[in-house]
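**Student:** I have a structure I would like to understand better, so I am pasting it below and will then ask my questions one at a time.
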Amino acid sequence: MTETSSNSTNIAENLTQIQLNISKFCQKYQRDPQDIKLLAVSKTRPTKDIRLAYSAGQTQFGENYLQESLQKIHDLSDLAIEWHFIGAIQSNKTRELAENFAWVHSIDRLKIARRLSNQRTKSLPPLNICLQINISEEKSKSGFNINEVEVAVDEVIHLPNLRLRGLMAIPAKADSLEEQRATFAEMKSLLKTLQTKYPQIDTLSMGMTGDMEAAIAEGSTMLRIGTAIFGARNLSGL
Ligand SMILES: *Cc1c(COP(=O)(O)O)cnc(C)c1O
């Protein structure tokens with residue numbers, strides 16, 4: 001019991017601290033804090049921690065692993081959580097995504113968007129999606145290359161049962177604020193280009209625990225934060 005209450009304090013305090021940091025960086029970079037949503041990345045965390053964050057006012061959660069997330073969605077169905085999928089997508093698993101999530105950020109090929117469009121439950125609102133951009137052009141990472149994005153958007157924007165919200169990126173690790181900003185600035189400019197044709201596109205999903213300031217400086221509208229809320233994850237490399 002004591003363990004639960006100390007965790008509870010930590011997670012609630014961490015969320016408060018992050019909101020303070022968001023406000024501080026918004027002031028520094030002349031952003032409106034209302035334009036930045038906080039997605040709590042809860043992969044590998046027990047449902048108990050998600051309940052604690054929810055009690056502290058956090059309602060949007062991001063998950064990476066399908067089986068784990070379906071179990072959590074089931075176990076937490078008494079809470080009004082908005083679930084976001086941010087992990088790698090296997091094309092034979094799209095139906096579960098289409099039936100259980102409000103958002104999918106990690107669409108890295110057209111085939112996935114087409115399948116989600118066909119499989120989205122008709123009684124649910126359109127599935128919000130972002131196209132993942134391989135912004136650092138790493139061979140090991142998935143995502144559209146910058147020069148493929150416009151053509152992909154021209155198709156995806158017309159797919160029924162989906163609502164294209166914007167772009168997502170996981171940049172290569174960079175240590176300085178300047179390097180981090182340079183990469184996120186490319187995302188910002190790409191979004192701007194798309195918005196001239198499709199003004200309804202409104203989302204830049206970027207910024208994690210280690211590059212939150214750079215992401216806010218360059219126009220992020222959705223931060224995906226795990227470690228700073230829940231503490232360090234056990235499994236290395238996740
Ligand atoms: C794990 C993960 C995050 C959160 O990373 P932290 O460094 O723990 O804040 C954000 N986005 C994606 C896609 C992730 O896989």
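Chains: A, B, ... in order of the structure tokens. Residues: from 1 per chain. Ligands: from 1, in order shown.
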Taking only C-alpha atoms and all ligand atoms into account, which residues are within 7 Å of ligand 1, as a VMD selection string?
**Tutor:** chain A and resid 41 43 64 86 to 87 170 208 to 210 224 to 228 238
**Student:** Can you write out the residues you just picked, keeping C-alpha atoms, as a short mmCIF file (atom, residue, chain, number, x, y, z; two decimals), in the first residue's frame?
**Tutor:**
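Saved result, again-v8.cif, follows:
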data_model
loop_
_atom_site.label_atom_id
_atom_site.label_comp_id
_atom_site.auth_asym_id
_atom_site.auth_seq_id
_atom_site.Cartn_x
_atom_site.Cartn_y
_atom_site.Cartn_z
CA VAL A 41 3.38 6.79 -23.36
CA LYS A 43 4.17 0.88 -23.00
CA ASN A 64 3.43 0.44 -28.84
CA ILE A 86 2.43 4.65 -31.76
CA GLY A 87 4.25 1.36 -32.44
CA ILE A 170 11.11 9.65 -34.12
CA MET A 208 9.85 12.64 -26.25
CA THR A 209 11.41 12.90 -22.78
CA GLY A 210 14.85 13.74 -24.18
CA ARG A 224 4.77 11.67 -26.58
CA ILE A 225 6.26 11.35 -23.10
CA GLY A 226 6.94 8.11 -21.22
CA THR A 227 10.01 8.19 -18.98
CA ALA A 228 9.42 11.65 -17.52
CA LEU A 238 12.41 0.25 -25.70
#
**Student:** Write out as a list in words which residues come within 12 Å of Arg31 (chain A) when counting only C-alpha atoms, dropping same-chain ones fewer than 4 positions away.
**Tutor:**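 My list of contacting residues is Ile22, Ser23, Lys24, Phe25, Cys26, Gln27, Asp35, Ile36, Glu213, Ala215, Ile216, Ala217, Glu218, Gly219, Ser220 and Thr221 of chain A.
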**Student:** Work out how far CA of Arg120 (chain A) is from CA of Leu97 (chain A), in Å to one decimal.
**Tutor:**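 CA of Leu97 (chain A) sits 8.3 Å away from CA of Arg120 (chain A).
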**Student:** Got a sec: who's within 12 Å of Ala185 (chain A), counting only C-alpha atoms, leaving out chain neighbours fewer than 5 positions off, as a PyMOL selection string?
**Tutor:** chain A and resi 135-136+169+171+177-180+190-192+204+206+214-220
**Student:** Could you save the residues just selected, with N, CA, C and O atoms, as a PDB file, in the first residue's frame?
**Tutor:**
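So the final result, stored in out-v8.pdb, reads:
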ATOM      1  N   ILE A 135      12.476  10.887 -40.722  1.00  0.00           N
ATOM      2  CA  ILE A 135      13.043  12.227 -40.895  1.00  0.00           C
ATOM      3  C   ILE A 135      14.564  12.207 -40.910  1.00  0.00           C
ATOM      4  O   ILE A 135      15.190  13.020 -41.583  1.00  0.00           O
ATOM      5  N   SER A 136      15.170  11.287 -40.175  1.00  0.00           N
ATOM      6  CA  SER A 136      16.631  11.222 -40.168  1.00  0.00           C
ATOM      7  C   SER A 136      17.157  10.278 -41.252  1.00  0.00           C
ATOM      8  O   SER A 136      18.360  10.010 -41.314  1.00  0.00           O
ATOM      9  N   ALA A 169       7.193  11.793 -36.090  1.00  0.00           N
ATOM     10  CA  ALA A 169       8.590  11.405 -36.316  1.00  0.00           C
ATOM     11  C   ALA A 169       9.266  10.977 -35.029  1.00  0.00           C
ATOM     12  O   ALA A 169       8.939  11.459 -33.945  1.00  0.00           O
ATOM     13  N   PRO A 171      13.103  11.064 -34.404  1.00  0.00           N
ATOM     14  CA  PRO A 171      14.400  11.370 -35.004  1.00  0.00           C
ATOM     15  C   PRO A 171      15.521  10.509 -34.424  1.00  0.00           C
ATOM     16  O   PRO A 171      15.373   9.954 -33.334  1.00  0.00           O
ATOM     17  N   LEU A 177      20.581  20.712 -28.303  1.00  0.00           N
ATOM     18  CA  LEU A 177      19.301  21.334 -28.632  1.00  0.00           C
ATOM     19  C   LEU A 177      19.283  21.782 -30.095  1.00  0.00           C
ATOM     20  O   LEU A 177      18.279  21.618 -30.795  1.00  0.00           O
ATOM     21  N   GLU A 178      20.408  22.299 -30.574  1.00  0.00           N
ATOM     22  CA  GLU A 178      20.476  22.802 -31.956  1.00  0.00           C
ATOM     23  C   GLU A 178      20.245  21.681 -32.969  1.00  0.00           C
ATOM     24  O   GLU A 178      19.493  21.835 -33.922  1.00  0.00           O
ATOM     25  N   GLU A 179      20.923  20.548 -32.739  1.00  0.00           N
ATOM     26  CA  GLU A 179      20.743  19.411 -33.661  1.00  0.00           C
ATOM     27  C   GLU A 179      19.312  18.905 -33.628  1.00  0.00           C
ATOM     28  O   GLU A 179      18.722  18.589 -34.662  1.00  0.00           O
ATOM     29  N   GLN A 180      18.760  18.801 -32.423  1.00  0.00           N
ATOM     30  CA  GLN A 180      17.376  18.331 -32.293  1.00  0.00           C
ATOM     31  C   GLN A 180      16.425  19.285 -33.018  1.00  0.00           C
ATOM     32  O   GLN A 180      15.530  18.865 -33.741  1.00  0.00           O
ATOM     33  N   LEU A 190       7.698  20.690 -43.522  1.00  0.00           N
ATOM     34  CA  LEU A 190       6.920  19.714 -44.289  1.00  0.00           C
ATOM     35  C   LEU A 190       5.421  19.865 -43.984  1.00  0.00           C
ATOM     36  O   LEU A 190       4.573  19.870 -44.890  1.00  0.00           O
ATOM     37  N   LEU A 191       5.108  20.019 -42.715  1.00  0.00           N
ATOM     38  CA  LEU A 191       3.701  20.191 -42.332  1.00  0.00           C
ATOM     39  C   LEU A 191       3.118  21.454 -42.969  1.00  0.00           C
ATOM     40  O   LEU A 191       2.007  21.455 -43.494  1.00  0.00           O
ATOM     41  N   LYS A 192       3.910  22.516 -42.948  1.00  0.00           N
ATOM     42  CA  LYS A 192       3.465  23.785 -43.507  1.00  0.00           C
ATOM     43  C   LYS A 192       3.133  23.648 -45.000  1.00  0.00           C
ATOM     44  O   LYS A 192       2.124  24.156 -45.479  1.00  0.00           O
ATOM     45  N   LEU A 204       1.440  17.818 -35.378  1.00  0.00           N
ATOM     46  CA  LEU A 204       2.844  17.405 -35.448  1.00  0.00           C
ATOM     47  C   LEU A 204       3.124  16.598 -34.192  1.00  0.00           C
ATOM     48  O   LEU A 204       3.248  17.162 -33.111  1.00  0.00           O
ATOM     49  N   MET A 206       5.530  14.960 -32.213  1.00  0.00           N
ATOM     50  CA  MET A 206       6.984  14.858 -32.032  1.00  0.00           C
ATOM     51  C   MET A 206       7.393  15.427 -30.683  1.00  0.00           C
ATOM     52  O   MET A 206       6.739  16.321 -30.148  1.00  0.00           O
ATOM     53  N   ALA A 214      13.138  21.026 -27.784  1.00  0.00           N
ATOM     54  CA  ALA A 214      13.349  21.237 -29.218  1.00  0.00           C
ATOM     55  C   ALA A 214      12.036  21.068 -29.980  1.00  0.00           C
ATOM     56  O   ALA A 214      11.736  21.820 -30.915  1.00  0.00           O
ATOM     57  N   ALA A 215      11.246  20.081 -29.577  1.00  0.00           N
ATOM     58  CA  ALA A 215       9.980  19.814 -30.265  1.00  0.00           C
ATOM     59  C   ALA A 215       9.009  20.980 -30.090  1.00  0.00           C
ATOM     60  O   ALA A 215       8.342  21.397 -31.046  1.00  0.00           O
ATOM     61  N   ILE A 216       8.955  21.521 -28.879  1.00  0.00           N
ATOM     62  CA  ILE A 216       8.068  22.671 -28.644  1.00  0.00           C
ATOM     63  C   ILE A 216       8.558  23.878 -29.446  1.00  0.00           C
ATOM     64  O   ILE A 216       7.767  24.582 -30.079  1.00  0.00           O
ATOM     65  N   ALA A 217       9.869  24.063 -29.458  1.00  0.00           N
ATOM     66  CA  ALA A 217      10.435  25.192 -30.214  1.00  0.00           C
ATOM     67  C   ALA A 217      10.052  25.120 -31.685  1.00  0.00           C
ATOM     68  O   ALA A 217       9.861  26.142 -32.337  1.00  0.00           O
ATOM     69  N   GLU A 218       9.925  23.892 -32.227  1.00  0.00           N
ATOM     70  CA  GLU A 218       9.675  23.723 -33.661  1.00  0.00           C
ATOM     71  C   GLU A 218       8.238  23.323 -33.988  1.00  0.00           C
ATOM     72  O   GLU A 218       7.973  22.741 -35.034  1.00  0.00           O
ATOM     73  N   GLY A 219       7.322  23.624 -33.100  1.00  0.00           N
ATOM     74  CA  GLY A 219       5.919  23.518 -33.489  1.00  0.00           C
ATOM     75  C   GLY A 219       5.194  22.228 -33.162  1.00  0.00           C
ATOM     76  O   GLY A 219       4.087  21.995 -33.666  1.00  0.00           O
ATOM     77  N   SER A 220       5.771  21.381 -32.311  1.00  0.00           N
ATOM     78  CA  SER A 220       5.050  20.157 -31.933  1.00  0.00           C
ATOM     79  C   SER A 220       3.661  20.515 -31.402  1.00  0.00           C
ATOM     80  O   SER A 220       3.485  21.489 -30.667  1.00  0.00           O
TER      81      SER A 220
END
**Student:** Neighbours of Lys93 (chain A) within 10 Å (only C-alpha atoms; same-chain residues fewer than 2 positions away dropped), as a compact mmCIF listing (two decimals) with N, CA and C atoms, in the first residue's frame?
**Tutor:**
# COMPACT_ATOMS: atom_id res chain seq x y z
N LEU A 66 0.82 -4.31 -29.69
CA LEU A 66 -0.61 -4.55 -29.88
C LEU A 66 -1.22 -5.43 -28.79
N GLN A 67 -0.65 -6.61 -28.54
CA GLN A 67 -1.29 -7.52 -27.57
C GLN A 67 -1.36 -6.88 -26.20
N ILE A 89 3.63 -1.42 -37.03
CA ILE A 89 2.36 -2.05 -37.43
C ILE A 89 2.60 -3.20 -38.39
N GLN A 90 2.06 -4.38 -38.03
CA GLN A 90 2.06 -5.53 -38.96
C GLN A 90 0.77 -5.48 -39.73
N SER A 91 0.84 -5.71 -41.04
CA SER A 91 -0.38 -5.50 -41.84
C SER A 91 -1.49 -6.50 -41.49
N ARG A 95 -6.79 -4.82 -38.26
CA ARG A 95 -8.20 -4.81 -37.83
C ARG A 95 -8.32 -4.46 -36.34
N GLU A 96 -7.44 -5.02 -35.53
CA GLU A 96 -7.51 -4.72 -34.09
C GLU A 96 -7.23 -3.24 -33.83
N LEU A 97 -6.34 -2.67 -34.60
CA LEU A 97 -6.09 -1.23 -34.45
C LEU A 97 -7.33 -0.43 -34.84
N ALA A 98 -7.91 -0.81 -35.96
CA ALA A 98 -9.07 -0.08 -36.49
C ALA A 98 -10.27 -0.16 -35.55
N ILE A 112 -1.06 0.12 -45.16
CA ILE A 112 -1.62 0.15 -43.80
C ILE A 112 -2.79 1.13 -43.73
N ARG A 115 -5.85 -0.41 -45.44
CA ARG A 115 -6.47 -1.47 -44.62
C ARG A 115 -7.24 -0.86 -43.45
N LEU A 116 -6.66 0.13 -42.78
CA LEU A 116 -7.35 0.76 -41.65
C LEU A 116 -8.64 1.42 -42.11
**Student:** Which of these residues is nearest to Asn128 (chain A), using only C-alpha atoms: A:Lys72, A:Arg114, A:Arg165, A:Arg233?
**Tutor:**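 Between A:Lys72, A:Arg114, A:Arg165, A:Arg233, the residue approaching Asn128 (chain A) most closely is A:Arg165.
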**Student:** Write out as a ChimeraX atom specification the residues lying within 10 Å of Leu110 (chain A), counting only C-alpha atoms and excluding same-chain residues fewer than 3 positions away.
**Tutor:** /A:107,113-116,131,144,152-153,155-156
**Student:** Just list as a PyMOL selection string whatever in region 2-152 of chain A DSSP marks as strand (DSSP E).
**Tutor:** chain A and resi 37-41+60-63+82-85+103-107+127-133
**Student:** Just N, CA, C and O atoms for this one: save the residues we selected as an mmCIF file, in the first residue's frame.
**Tutor:**
data_model
loop_
_atom_site.group_PDB
_atom_site.id
_atom_site.type_symbol
_atom_site.label_atom_id
_atom_site.label_comp_id
_atom_site.auth_asym_id
_atom_site.auth_seq_id
_atom_site.Cartn_x
_atom_site.Cartn_y
_atom_site.Cartn_z
ATOM 1 N N LYS A 37 -0.702 19.085 -26.888
ATOM 2 C CA LYS A 37 -1.293 18.011 -26.091
ATOM 3 C C LYS A 37 -0.201 17.096 -25.559
ATOM 4 O O LYS A 37 0.838 16.931 -26.187
ATOM 5 N N LEU A 38 -0.483 16.521 -24.417
ATOM 6 C CA LEU A 38 0.465 15.591 -23.809
ATOM 7 C C LEU A 38 -0.077 14.174 -23.911
ATOM 8 O O LEU A 38 -1.131 13.854 -23.364
ATOM 9 N N LEU A 39 0.662 13.348 -24.653
ATOM 10 C CA LEU A 39 0.319 11.933 -24.761
ATOM 11 C C LEU A 39 1.228 11.170 -23.788
ATOM 12 O O LEU A 39 2.448 11.260 -23.879
ATOM 13 N N ALA A 40 0.617 10.459 -22.844
ATOM 14 C CA ALA A 40 1.400 9.671 -21.879
ATOM 15 C C ALA A 40 1.707 8.313 -22.497
ATOM 16 O O ALA A 40 0.795 7.544 -22.809
ATOM 17 N N VAL A 41 2.988 8.044 -22.717
ATOM 18 C CA VAL A 41 3.378 6.786 -23.363
ATOM 19 C C VAL A 41 3.534 5.715 -22.283
ATOM 20 O O VAL A 41 4.443 5.762 -21.458
ATOM 21 N N GLN A 60 -5.061 10.971 -22.347
ATOM 22 C CA GLN A 60 -4.582 10.414 -23.620
ATOM 23 C C GLN A 60 -3.345 9.562 -23.363
ATOM 24 O O GLN A 60 -2.366 10.038 -22.784
ATOM 25 N N PHE A 61 -3.406 8.291 -23.794
ATOM 26 C CA PHE A 61 -2.301 7.362 -23.552
ATOM 27 C C PHE A 61 -1.858 6.732 -24.868
ATOM 28 O O PHE A 61 -2.685 6.435 -25.737
ATOM 29 N N GLY A 62 -0.549 6.519 -24.993
ATOM 30 C CA GLY A 62 0.024 5.933 -26.201
ATOM 31 C C GLY A 62 0.648 4.585 -25.902
ATOM 32 O O GLY A 62 1.354 4.429 -24.906
ATOM 33 N N GLU A 63 0.400 3.609 -26.776
ATOM 34 C CA GLU A 63 0.920 2.260 -26.594
ATOM 35 C C GLU A 63 1.631 1.804 -27.872
ATOM 36 O O GLU A 63 1.261 2.210 -28.983
ATOM 37 N N GLU A 82 -8.519 8.045 -24.063
ATOM 38 C CA GLU A 82 -8.360 8.092 -25.521
ATOM 39 C C GLU A 82 -7.050 7.369 -25.845
ATOM 40 O O GLU A 82 -5.978 7.823 -25.459
ATOM 41 N N TRP A 83 -7.161 6.242 -26.566
ATOM 42 C CA TRP A 83 -5.992 5.400 -26.836
ATOM 43 C C TRP A 83 -5.349 5.731 -28.178
ATOM 44 O O TRP A 83 -6.035 5.836 -29.197
ATOM 45 N N HIS A 84 -4.023 5.881 -28.149
ATOM 46 C CA HIS A 84 -3.245 6.180 -29.355
ATOM 47 C C HIS A 84 -2.267 5.038 -29.596
ATOM 48 O O HIS A 84 -1.574 4.615 -28.668
ATOM 49 N N PHE A 85 -2.178 4.555 -30.825
ATOM 50 C CA PHE A 85 -1.172 3.543 -31.147
ATOM 51 C C PHE A 85 0.020 4.226 -31.803
ATOM 52 O O PHE A 85 -0.134 4.969 -32.779
ATOM 53 N N TRP A 103 -6.593 6.968 -32.277
ATOM 54 C CA TRP A 103 -5.525 7.500 -33.134
ATOM 55 C C TRP A 103 -4.518 6.397 -33.460
ATOM 56 O O TRP A 103 -4.212 5.573 -32.603
ATOM 57 N N VAL A 104 -3.921 6.472 -34.661
ATOM 58 C CA VAL A 104 -2.737 5.678 -35.000
ATOM 59 C C VAL A 104 -1.704 6.658 -35.589
ATOM 60 O O VAL A 104 -1.967 7.308 -36.597
ATOM 61 N N HIS A 105 -0.562 6.767 -34.908
ATOM 62 C CA HIS A 105 0.461 7.746 -35.316
ATOM 63 C C HIS A 105 1.498 7.181 -36.266
ATOM 64 O O HIS A 105 2.264 7.954 -36.849
ATOM 65 N N SER A 106 1.588 5.856 -36.340
ATOM 66 C CA SER A 106 2.776 5.221 -36.914
ATOM 67 C C SER A 106 2.513 4.583 -38.272
ATOM 68 O O SER A 106 3.018 3.504 -38.564
ATOM 69 N N ILE A 107 1.753 5.255 -39.110
ATOM 70 C CA ILE A 107 1.470 4.711 -40.438
ATOM 71 C C ILE A 107 2.669 4.962 -41.343
ATOM 72 O O ILE A 107 3.027 6.108 -41.614
ATOM 73 N N LEU A 127 -11.049 7.227 -37.736
ATOM 74 C CA LEU A 127 -9.784 6.992 -37.033
ATOM 75 C C LEU A 127 -8.825 8.142 -37.369
ATOM 76 O O LEU A 127 -8.591 8.437 -38.543
ATOM 77 N N ASN A 128 -8.305 8.803 -36.339
ATOM 78 C CA ASN A 128 -7.321 9.870 -36.548
ATOM 79 C C ASN A 128 -5.971 9.235 -36.857
ATOM 80 O O ASN A 128 -5.536 8.332 -36.140
ATOM 81 N N ILE A 129 -5.327 9.699 -37.908
ATOM 82 C CA ILE A 129 -4.034 9.095 -38.242
ATOM 83 C C ILE A 129 -2.956 10.151 -38.531
ATOM 84 O O ILE A 129 -3.240 11.281 -38.950
ATOM 85 N N CYS A 130 -1.721 9.730 -38.276
ATOM 86 C CA CYS A 130 -0.558 10.511 -38.694
ATOM 87 C C CYS A 130 0.314 9.621 -39.561
ATOM 88 O O CYS A 130 0.370 8.404 -39.364
ATOM 89 N N LEU A 131 0.967 10.218 -40.529
ATOM 90 C CA LEU A 131 1.964 9.490 -41.316
ATOM 91 C C LEU A 131 3.309 9.639 -40.617
ATOM 92 O O LEU A 131 3.717 10.746 -40.261
ATOM 93 N N GLN A 132 3.973 8.499 -40.432
ATOM 94 C CA GLN A 132 5.296 8.536 -39.810
ATOM 95 C C GLN A 132 6.338 8.871 -40.864
ATOM 96 O O GLN A 132 6.378 8.271 -41.937
ATOM 97 N N ILE A 133 7.174 9.837 -40.542
ATOM 98 C CA ILE A 133 8.210 10.288 -41.475
ATOM 99 C C ILE A 133 9.567 9.803 -40.978
ATOM 100 O O ILE A 133 9.907 10.002 -39.808
#
**Student:** Considering only helix (DSSP H, G or I) as DSSP defines it on the backbone, what residues of region 89-163 of chain A qualify? List them as an MDAnalysis selection string.
**Tutor:** chainID A and resid 91:100 110:119 146:156
**Student:** Hey, can you spit out that residue selection with N, CA and C atoms as a short mmCIF file (atom, residue, chain, number, x, y, z; two decimals), in the first residue's frame?
**Tutor:**
data_model
loop_
_atom_site.label_atom_id
_atom_site.label_comp_id
_atom_site.auth_asym_id
_atom_site.auth_seq_id
_atom_site.Cartn_x
_atom_site.Cartn_y
_atom_site.Cartn_z
N SER A 91 0.84 -5.71 -41.04
CA SER A 91 -0.38 -5.50 -41.84
C SER A 91 -1.49 -6.50 -41.49
N ASN A 92 -1.14 -7.66 -40.94
CA ASN A 92 -2.22 -8.60 -40.57
C ASN A 92 -2.86 -8.28 -39.21
N LYS A 93 -2.42 -7.16 -38.59
CA LYS A 93 -2.98 -6.77 -37.29
C LYS A 93 -3.76 -5.46 -37.36
N THR A 94 -4.01 -4.98 -38.56
CA THR A 94 -4.65 -3.67 -38.66
C THR A 94 -6.09 -3.67 -38.14
N ARG A 95 -6.79 -4.82 -38.26
CA ARG A 95 -8.20 -4.81 -37.83
C ARG A 95 -8.32 -4.46 -36.34
N GLU A 96 -7.44 -5.02 -35.53
CA GLU A 96 -7.51 -4.72 -34.09
C GLU A 96 -7.23 -3.24 -33.83
N LEU A 97 -6.34 -2.67 -34.60
CA LEU A 97 -6.09 -1.23 -34.45
C LEU A 97 -7.33 -0.43 -34.84
N ALA A 98 -7.91 -0.81 -35.96
CA ALA A 98 -9.07 -0.08 -36.49
C ALA A 98 -10.27 -0.16 -35.55
N GLU A 99 -10.33 -1.22 -34.77
CA GLU A 99 -11.50 -1.41 -33.90
C GLU A 99 -11.32 -0.86 -32.50
N ASN A 100 -10.08 -0.60 -32.09
CA ASN A 100 -9.84 -0.30 -30.67
C ASN A 100 -9.21 1.05 -30.36
N LEU A 110 1.43 2.99 -47.41
CA LEU A 110 0.05 3.24 -47.86
C LEU A 110 -0.86 2.05 -47.60
N LYS A 111 -0.31 0.86 -47.76
CA LYS A 111 -1.09 -0.36 -47.54
C LYS A 111 -1.78 -0.35 -46.17
N ILE A 112 -1.06 0.12 -45.16
CA ILE A 112 -1.62 0.15 -43.80
C ILE A 112 -2.79 1.13 -43.73
N ALA A 113 -2.64 2.29 -44.34
CA ALA A 113 -3.72 3.29 -44.33
C ALA A 113 -4.96 2.73 -45.04
N ARG A 114 -4.75 2.07 -46.18
CA ARG A 114 -5.89 1.50 -46.93
C ARG A 114 -6.61 0.45 -46.11
N ARG A 115 -5.85 -0.41 -45.44
CA ARG A 115 -6.47 -1.47 -44.62
C ARG A 115 -7.24 -0.86 -43.45
N LEU A 116 -6.66 0.13 -42.78
CA LEU A 116 -7.35 0.76 -41.65
C LEU A 116 -8.64 1.42 -42.11
N SER A 117 -8.60 2.03 -43.29
CA SER A 117 -9.79 2.67 -43.84
C SER A 117 -10.90 1.63 -44.07
N ASN A 118 -10.53 0.49 -44.64
CA ASN A 118 -11.52 -0.56 -44.90
C ASN A 118 -12.05 -1.19 -43.63
N GLN A 119 -11.22 -1.24 -42.59
CA GLN A 119 -11.57 -2.03 -41.41
C GLN A 119 -12.10 -1.20 -40.25
N ILE A 146 10.84 11.94 -46.96
CA ILE A 146 10.28 13.28 -47.16
C ILE A 146 9.72 13.45 -48.57
N ASN A 147 10.46 12.93 -49.56
CA ASN A 147 10.02 13.14 -50.95
C ASN A 147 8.82 12.27 -51.35
N GLU A 148 8.39 11.37 -50.48
CA GLU A 148 7.21 10.53 -50.79
C GLU A 148 5.94 11.06 -50.15
N VAL A 149 6.08 12.02 -49.24
CA VAL A 149 4.96 12.36 -48.38
C VAL A 149 3.79 13.00 -49.13
N GLU A 150 4.10 13.93 -50.03
CA GLU A 150 3.00 14.65 -50.68
C GLU A 150 2.08 13.71 -51.46
N VAL A 151 2.67 12.79 -52.19
CA VAL A 151 1.87 11.83 -52.97
C VAL A 151 1.04 10.95 -52.03
N ALA A 152 1.66 10.52 -50.93
CA ALA A 152 0.93 9.69 -49.96
C ALA A 152 -0.25 10.47 -49.38
N VAL A 153 -0.02 11.72 -49.03
CA VAL A 153 -1.09 12.54 -48.45
C VAL A 153 -2.24 12.71 -49.44
N ASP A 154 -1.92 12.92 -50.71
CA ASP A 154 -2.96 13.08 -51.72
C ASP A 154 -3.90 11.87 -51.77
N GLU A 155 -3.38 10.70 -51.48
CA GLU A 155 -4.26 9.53 -51.44
C GLU A 155 -4.97 9.38 -50.09
N VAL A 156 -4.19 9.46 -49.01
CA VAL A 156 -4.72 9.15 -47.68
C VAL A 156 -5.82 10.14 -47.27
#
**Student:** Taking only C-alpha atoms into account, name the residue in A:Ser123, A:Thr183, A:Asn134, A:Gln200 that is nearest to Ile157 (chain A).
**Tutor:** A:Gln200
**Student:** Between A:Thr203, A:Pro33, A:Ala53, A:Thr44, which one has atoms that come closest to Ile11 (chain A), using only C-alpha atoms?
**Tutor:** A:Ala53
**Student:** CA of Tyr29 (chain A) to CA of Met187 (chain A): how many Å, to one decimal?
**Tutor:**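 Between these atoms lies a distance of 16.8 Å.
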**Student:** Which is closest to Asp108 (chain A) among A:Ser77, A:Thr59, A:Asn145, A:Asn161, if we use only C-alpha atoms?
**Tutor:**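 Smallest distance to Asp108 (chain A) is found for A:Asn145.
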**Student:** Go through A:Glu137, A:Leu162, A:Lys188, A:Ser142 and flag the residue nearest Leu124 (chain A), using only C-alpha atoms for the distances.
**Tutor:**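 The answer is A:Leu162, which sits nearest to Leu124 (chain A).
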**Student:** Nearest residue to Leu164 (chain A) out of A:Ser140, A:Arg109, A:Ile201, A:Ala182, using only C-alpha atoms?
**Tutor:**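 Counting only C-alpha atoms, the residue closest to Leu164 (chain A) is A:Ile201.
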